[in-house]
Amino acid sequence: MKKNNSIKTVVAIGIGAALFFVLGRFVAIPSPVPNTNISLQYAVLALLAAMYGPVAGGLIGFIGHTLVDLSWGGIPWWSWVITSAFVGVVVGAFARKLNVQEGDFGKAKAAVFAIANVVAHVIGWVVVAPVLDILIYAEPAKKVFAQGAFAAVSNTITGVVVGGLLILAYTKTIAKKGSLDQE
Amino acid sequence: MAANTVLNYLPRESVVHRLTGTTKLAFFLLFTFASMITYNTWVLLGLLAMSISAFKLSKIRFKEVRFMMIFMLVFLLLNNLFIFLFDPDQGTTLYGTRHVLCHLFWRYDLTAEQLFYMVNISIKYFVALPVAILFISATNPSEFAASLNSIGISYKVGYSVAIALRYIPDIQRDYHSISQAQQARGVELGKKEHFFARLKNSVNILLPLILTSLNRIDTISNAMELRGFGKHKKRTWYTKRSFARNDFIVLGLGVVLLGASLTVTILFGRFYNPFV
């Protein structure tokens, strides 16, 4: 059983990274701020990280984001790639408490999921990404913190709202433990 | 489908293509770090010359990768614009002097330092670009997993990357048909809809995509388990090639470049300062 899980994780990382890539690269849903898009990939990242744990979450973020950057024809922007991986790890670290595969996603679990997303995105985009931007690329502090703050707000909304709705809808498709009644 | 135009492998008969995937991956990483560490204009120009000549050697024509170039140029311009808008004195902060060329408006002065800093950033982008394009278009995707494994990454991770590359076109096709089907049913994602309604609508497209993907994960992992994947600590690769003379030369070159970039940074500092 344990072995099957490790194979499943390998496959989930691959498929998850492909999903992350497709959503990050081709799907453009306009956000209220002009010329910016909602990054739906972070909703999927949150869902898969919650299902398969921190290692899978981190690798999905890392591989997916690297592929997106490569496909735009450049060197991967490592500071943001690392941040995506960081978000996956943090959300995944809360996964054991959530147990979404058992088909139960009540208010308490939704709250844990929301907190996990907020923590991951705020620390990720307001601290990790700008600091790495300054260290690696020597960009002006004001610019990177403004960018980071915007990314944090928009990705938190996507992660919590879209990710939460996805998990809710997904858990409804699973038969709950003990859902059979004796007649 | 469209994925072919995105991460496209362009087979050619060239020196660069004949290098093993491992060499290309390792050189790509070494080169990236070399260009990331330094801000020294001379080192960057040297790296740029190196990277352009590698591109020439590959026999890939400029026309074939024009899209990436144009995209990068737009990105570069926007980035420079934002850097200037947010902090017109970043150059002064870095180089320590302030030579005003002309006053623009409000707090915006055009300084020689700022211009020089932005030129350096731009060179930094262009240094990386040809090597990145080569890495994508001259590496056979099936060889990539083997390359990752041979630079010391667990073969399971290599396999994940291979699965990702293999299934990108499939998932893209799925996404496309799901989104068209939902749009035909009136699910709107454009600007006509209110922001939160748009977010909610996107769930209608994402959920079927996730469910098919989860099924896919089950199918693939069952197939892999039946074939005994993950039984041993090591595995062999069908596409893996053995190193030739050129591979060692290129790897050596990569190490030398990184070493040079590090040495210059440690000895002379990260920035080349023409203002003092």
# chains A, B, ... in the order shown; residues from 1 in each chain; ligands from 1

$ interface_residues --of "chain A" --to "chain B" --cutoff "8 Å" --atoms "only C-alpha atoms" --output "ChimeraX atom specification"
/A:4,7-8,10-19,21-22,29-32,44,63,70-75,136-137,139-140,142-143,158,161-162,165-166,169-170

$ write_last_selection --atoms "N, CA and C atoms" --output "tab-separated table (two decimals), in the first residue's frame"
chain	number	residue	atom	x	y	z
A	4	ASN	N	2.45	1.85	-3.40
A	4	ASN	CA	1.52	2.42	-4.36
A	4	ASN	C	1.42	3.93	-4.15
A	7	ILE	N	4.34	5.73	-5.80
A	7	ILE	CA	4.17	5.83	-7.26
A	7	ILE	C	3.13	6.89	-7.58
A	8	LYS	N	2.05	6.87	-6.81
A	8	LYS	CA	0.97	7.82	-7.04
A	8	LYS	C	1.48	9.26	-6.88
A	10	VAL	N	4.55	10.30	-7.40
A	10	VAL	CA	5.36	10.61	-8.58
A	10	VAL	C	4.47	11.05	-9.73
A	11	VAL	N	3.40	10.28	-9.97
A	11	VAL	CA	2.50	10.62	-11.08
A	11	VAL	C	1.76	11.92	-10.80
A	12	ALA	N	1.33	12.09	-9.54
A	12	ALA	CA	0.59	13.31	-9.20
A	12	ALA	C	1.46	14.54	-9.41
A	13	ILE	N	2.75	14.42	-9.08
A	13	ILE	CA	3.65	15.56	-9.31
A	13	ILE	C	3.70	15.89	-10.80
A	14	GLY	N	3.84	14.84	-11.61
A	14	GLY	CA	3.92	15.06	-13.06
A	14	GLY	C	2.67	15.70	-13.61
A	15	ILE	N	1.51	15.10	-13.31
A	15	ILE	CA	0.25	15.63	-13.83
A	15	ILE	C	-0.02	17.01	-13.24
A	16	GLY	N	0.28	17.17	-11.95
A	16	GLY	CA	0.07	18.46	-11.31
A	16	GLY	C	0.89	19.55	-11.96
A	17	ALA	N	2.17	19.23	-12.26
A	17	ALA	CA	3.02	20.22	-12.91
A	17	ALA	C	2.49	20.56	-14.30
A	18	ALA	N	1.96	19.54	-15.00
A	18	ALA	CA	1.39	19.80	-16.32
A	18	ALA	C	0.17	20.71	-16.21
A	19	LEU	N	-0.68	20.45	-15.20
A	19	LEU	CA	-1.85	21.31	-14.97
A	19	LEU	C	-1.41	22.74	-14.65
A	21	PHE	N	1.29	24.15	-15.46
A	21	PHE	CA	1.83	24.76	-16.67
A	21	PHE	C	0.71	25.26	-17.58
A	22	VAL	N	-0.27	24.38	-17.85
A	22	VAL	CA	-1.33	24.75	-18.80
A	22	VAL	C	-2.09	25.96	-18.27
A	29	ILE	N	-7.56	34.87	-17.23
A	29	ILE	CA	-8.83	35.43	-16.79
A	29	ILE	C	-8.52	36.80	-16.21
A	30	PRO	N	-9.07	37.86	-16.80
A	30	PRO	CA	-8.71	39.20	-16.36
A	30	PRO	C	-9.13	39.47	-14.92
A	31	SER	N	-8.28	40.15	-14.17
A	31	SER	CA	-8.61	40.55	-12.80
A	31	SER	C	-9.03	42.02	-12.83
A	32	PRO	N	-9.55	42.55	-11.70
A	32	PRO	CA	-10.03	43.94	-11.72
A	32	PRO	C	-8.93	44.96	-12.02
A	44	VAL	N	-5.19	25.18	-8.10
A	44	VAL	CA	-4.93	23.77	-8.35
A	44	VAL	C	-3.76	23.29	-7.50
A	63	ILE	N	8.46	22.53	-10.54
A	63	ILE	CA	8.54	22.07	-11.93
A	63	ILE	C	7.61	22.88	-12.82
A	70	LEU	N	10.37	28.77	-18.74
A	70	LEU	CA	11.15	28.32	-19.91
A	70	LEU	C	10.37	28.51	-21.19
A	71	SER	N	9.06	28.26	-21.12
A	71	SER	CA	8.27	28.35	-22.35
A	71	SER	C	8.13	29.78	-22.81
A	72	TRP	N	8.26	30.75	-21.90
A	72	TRP	CA	8.25	32.14	-22.33
A	72	TRP	C	9.59	32.52	-22.94
A	73	GLY	N	10.51	31.58	-22.92
A	73	GLY	CA	11.76	31.83	-23.62
A	73	GLY	C	12.78	32.54	-22.78
A	74	GLY	N	12.82	32.24	-21.53
A	74	GLY	CA	13.86	32.89	-20.74
A	74	GLY	C	14.40	31.95	-19.71
A	75	ILE	N	15.39	32.45	-19.00
A	75	ILE	CA	15.88	31.73	-17.84
A	75	ILE	C	14.77	31.77	-16.82
A	136	ILE	N	19.21	38.27	-5.72
A	136	ILE	CA	19.66	37.69	-6.99
A	136	ILE	C	19.75	38.76	-8.06
A	137	TYR	N	18.73	39.62	-8.16
A	137	TYR	CA	18.66	40.51	-9.31
A	137	TYR	C	18.94	41.97	-8.98
A	139	GLU	N	17.15	44.28	-7.71
A	139	GLU	CA	16.10	45.19	-8.16
A	139	GLU	C	15.74	46.14	-7.03
A	140	PRO	N	15.16	47.31	-7.37
A	140	PRO	CA	14.79	48.26	-6.32
A	140	PRO	C	13.79	47.67	-5.34
A	142	LYS	N	11.49	49.05	-3.51
A	142	LYS	CA	10.11	49.52	-3.60
A	142	LYS	C	9.34	48.75	-4.66
A	143	LYS	N	10.00	48.52	-5.80
A	143	LYS	CA	9.31	47.84	-6.89
A	143	LYS	C	8.95	46.41	-6.50
A	158	THR	N	-7.28	33.83	-5.04
A	158	THR	CA	-7.46	32.65	-5.90
A	158	THR	C	-7.34	31.37	-5.10
A	161	VAL	N	-10.48	31.22	-2.41
A	161	VAL	CA	-11.82	31.14	-2.99
A	161	VAL	C	-11.91	29.98	-3.99
A	162	VAL	N	-11.08	30.03	-5.03
A	162	VAL	CA	-11.19	29.00	-6.07
A	162	VAL	C	-10.73	27.64	-5.52
A	165	LEU	N	-13.42	26.31	-3.15
A	165	LEU	CA	-14.59	25.81	-3.88
A	165	LEU	C	-14.27	24.48	-4.57
A	166	LEU	N	-13.04	24.38	-5.11
A	166	LEU	CA	-12.65	23.13	-5.78
A	166	LEU	C	-12.66	21.96	-4.80
A	169	ALA	N	-16.20	21.03	-3.88
A	169	ALA	CA	-16.87	20.29	-4.94
A	169	ALA	C	-16.28	18.89	-5.07
A	170	TYR	N	-14.95	18.79	-4.90
A	170	TYR	CA	-14.30	17.49	-5.04
A	170	TYR	C	-14.75	16.55	-3.93

$ select_by_dssp --residues "chain A" --states "strand (DSSP E or B)" --output "PDB file with N, CA and C atoms, in the first residue's frame"
ATOM      1  N   ILE A  29      -7.562  34.872 -17.234  1.00  0.00           N
ATOM      2  CA  ILE A  29      -8.828  35.432 -16.788  1.00  0.00           C
ATOM      3  C   ILE A  29      -8.518  36.799 -16.206  1.00  0.00           C
ATOM      4  N   PRO A  30      -9.075  37.860 -16.798  1.00  0.00           N
ATOM      5  CA  PRO A  30      -8.709  39.200 -16.359  1.00  0.00           C
ATOM      6  C   PRO A  30      -9.128  39.471 -14.921  1.00  0.00           C
ATOM      7  N   ASN A  37      -3.709  39.221 -14.635  1.00  0.00           N
ATOM      8  CA  ASN A  37      -4.597  38.071 -14.727  1.00  0.00           C
ATOM      9  C   ASN A  37      -4.643  37.327 -13.406  1.00  0.00           C
ATOM     10  N   ILE A  38      -5.724  36.578 -13.238  1.00  0.00           N
ATOM     11  CA  ILE A  38      -5.834  35.723 -12.067  1.00  0.00           C
ATOM     12  C   ILE A  38      -4.987  34.479 -12.315  1.00  0.00           C
TER      13      ILE A  38
END

$ residues_around --residues "Gly254 (chain B)" --least-positions-apart "3" --cutoff "9 Å" --atoms "only C-alpha atoms" --output "ChimeraX atom specification"
/B:26-31,34,249-251,257-259

$ select_by_dssp --residues "chain A" --states "helix (DSSP H, G or I)" --output "count of residues only"
142

$ closest_residue --among "A:Val100, A:Ala56, A:Val68, A:Val27" --to "Leu168 (chain A)" --atoms "only C-alpha atoms"
A:Val100

$ closest_residue --among "B:Ala54, B:Ala197, B:Ala244, B:Ile178" --to "Val16 (chain B)" --atoms "only C-alpha atoms"
B:Ala54

$ residues_around --residues "Phe113 (chain A)" --least-positions-apart "2" --cutoff "9 Å" --atoms "only C-alpha atoms" --output "MDAnalysis selection string"
chainID A and resid 46 50 91 94:95 98 108:111 115:118 160 163:164

$ write_last_selection --atoms "N, CA and C atoms" --output "JSON list (two decimals), in the first residue's frame"
[["chain", "number", "residue", "atom", "x", "y", "z"],
["A", 46, "ALA", "N", -2.96, 24.44, -4.61],
["A", 46, "ALA", "CA", -3.44, 24.28, -3.24],
["A", 46, "ALA", "C", -4.19, 22.96, -3.09],
["A", 50, "ALA", "N", -2.86, 19.85, -0.87],
["A", 50, "ALA", "CA", -3.67, 19.37, 0.25],
["A", 50, "ALA", "C", -3.93, 17.87, 0.11],
["A", 91, "VAL", "N", 1.26, 24.88, 2.04],
["A", 91, "VAL", "CA", -0.11, 24.38, 2.00],
["A", 91, "VAL", "C", -0.12, 22.87, 2.22],
["A", 94, "PHE", "N", -0.03, 21.45, 5.80],
["A", 94, "PHE", "CA", -1.27, 21.39, 6.56],
["A", 94, "PHE", "C", -2.13, 20.19, 6.16],
["A", 95, "ALA", "N", -1.67, 19.47, 5.12],
["A", 95, "ALA", "CA", -2.52, 18.47, 4.48],
["A", 95, "ALA", "C", -2.98, 17.39, 5.45],
["A", 98, "LEU", "N", -6.09, 17.93, 7.08],
["A", 98, "LEU", "CA", -7.29, 18.13, 6.27],
["A", 98, "LEU", "C", -7.93, 16.83, 5.83],
["A", 108, "ALA", "N", -14.48, 23.80, 9.90],
["A", 108, "ALA", "CA", -13.19, 23.85, 10.59],
["A", 108, "ALA", "C", -12.06, 23.59, 9.60],
["A", 109, "LYS", "N", -12.26, 22.58, 8.75],
["A", 109, "LYS", "CA", -11.22, 22.26, 7.78],
["A", 109, "LYS", "C", -11.06, 23.37, 6.76],
["A", 110, "ALA", "N", -12.18, 23.97, 6.35],
["A", 110, "ALA", "CA", -12.11, 25.08, 5.41],
["A", 110, "ALA", "C", -11.29, 26.21, 6.01],
["A", 111, "ALA", "N", -11.48, 26.43, 7.33],
["A", 111, "ALA", "CA", -10.74, 27.50, 7.99],
["A", 111, "ALA", "C", -9.24, 27.18, 7.98],
["A", 115, "ILE", "N", -6.39, 29.44, 6.23],
["A", 115, "ILE", "CA", -5.24, 29.97, 6.96],
["A", 115, "ILE", "C", -3.94, 29.51, 6.28],
["A", 116, "ALA", "N", -3.90, 28.23, 5.90],
["A", 116, "ALA", "CA", -2.71, 27.71, 5.23],
["A", 116, "ALA", "C", -2.39, 28.53, 3.99],
["A", 117, "ASN", "N", -3.42, 28.83, 3.21],
["A", 117, "ASN", "CA", -3.21, 29.61, 1.99],
["A", 117, "ASN", "C", -2.72, 31.02, 2.29],
["A", 118, "VAL", "N", -3.38, 31.67, 3.27],
["A", 118, "VAL", "CA", -2.99, 33.04, 3.59],
["A", 118, "VAL", "C", -1.53, 33.07, 4.04],
["A", 160, "VAL", "N", -7.68, 30.77, -1.83],
["A", 160, "VAL", "CA", -8.72, 30.50, -0.85],
["A", 160, "VAL", "C", -10.07, 30.28, -1.53],
["A", 163, "GLY", "N", -9.59, 27.64, -4.80],
["A", 163, "GLY", "CA", -9.10, 26.39, -4.23],
["A", 163, "GLY", "C", -10.12, 25.79, -3.26],
["A", 164, "GLY", "N", -10.69, 26.63, -2.41],
["A", 164, "GLY", "CA", -11.68, 26.16, -1.45],
["A", 164, "GLY", "C", -12.90, 25.57, -2.14]]

$ atom_distance --atom1 "CA of Ser58 (chain B)" --atom2 "CA of Gly252 (chain B)"
18.9 Å

$ atom_distance --atom1 "CA of Tyr42 (chain A)" --atom2 "CA of Ile167 (chain A)"
13.0 Å
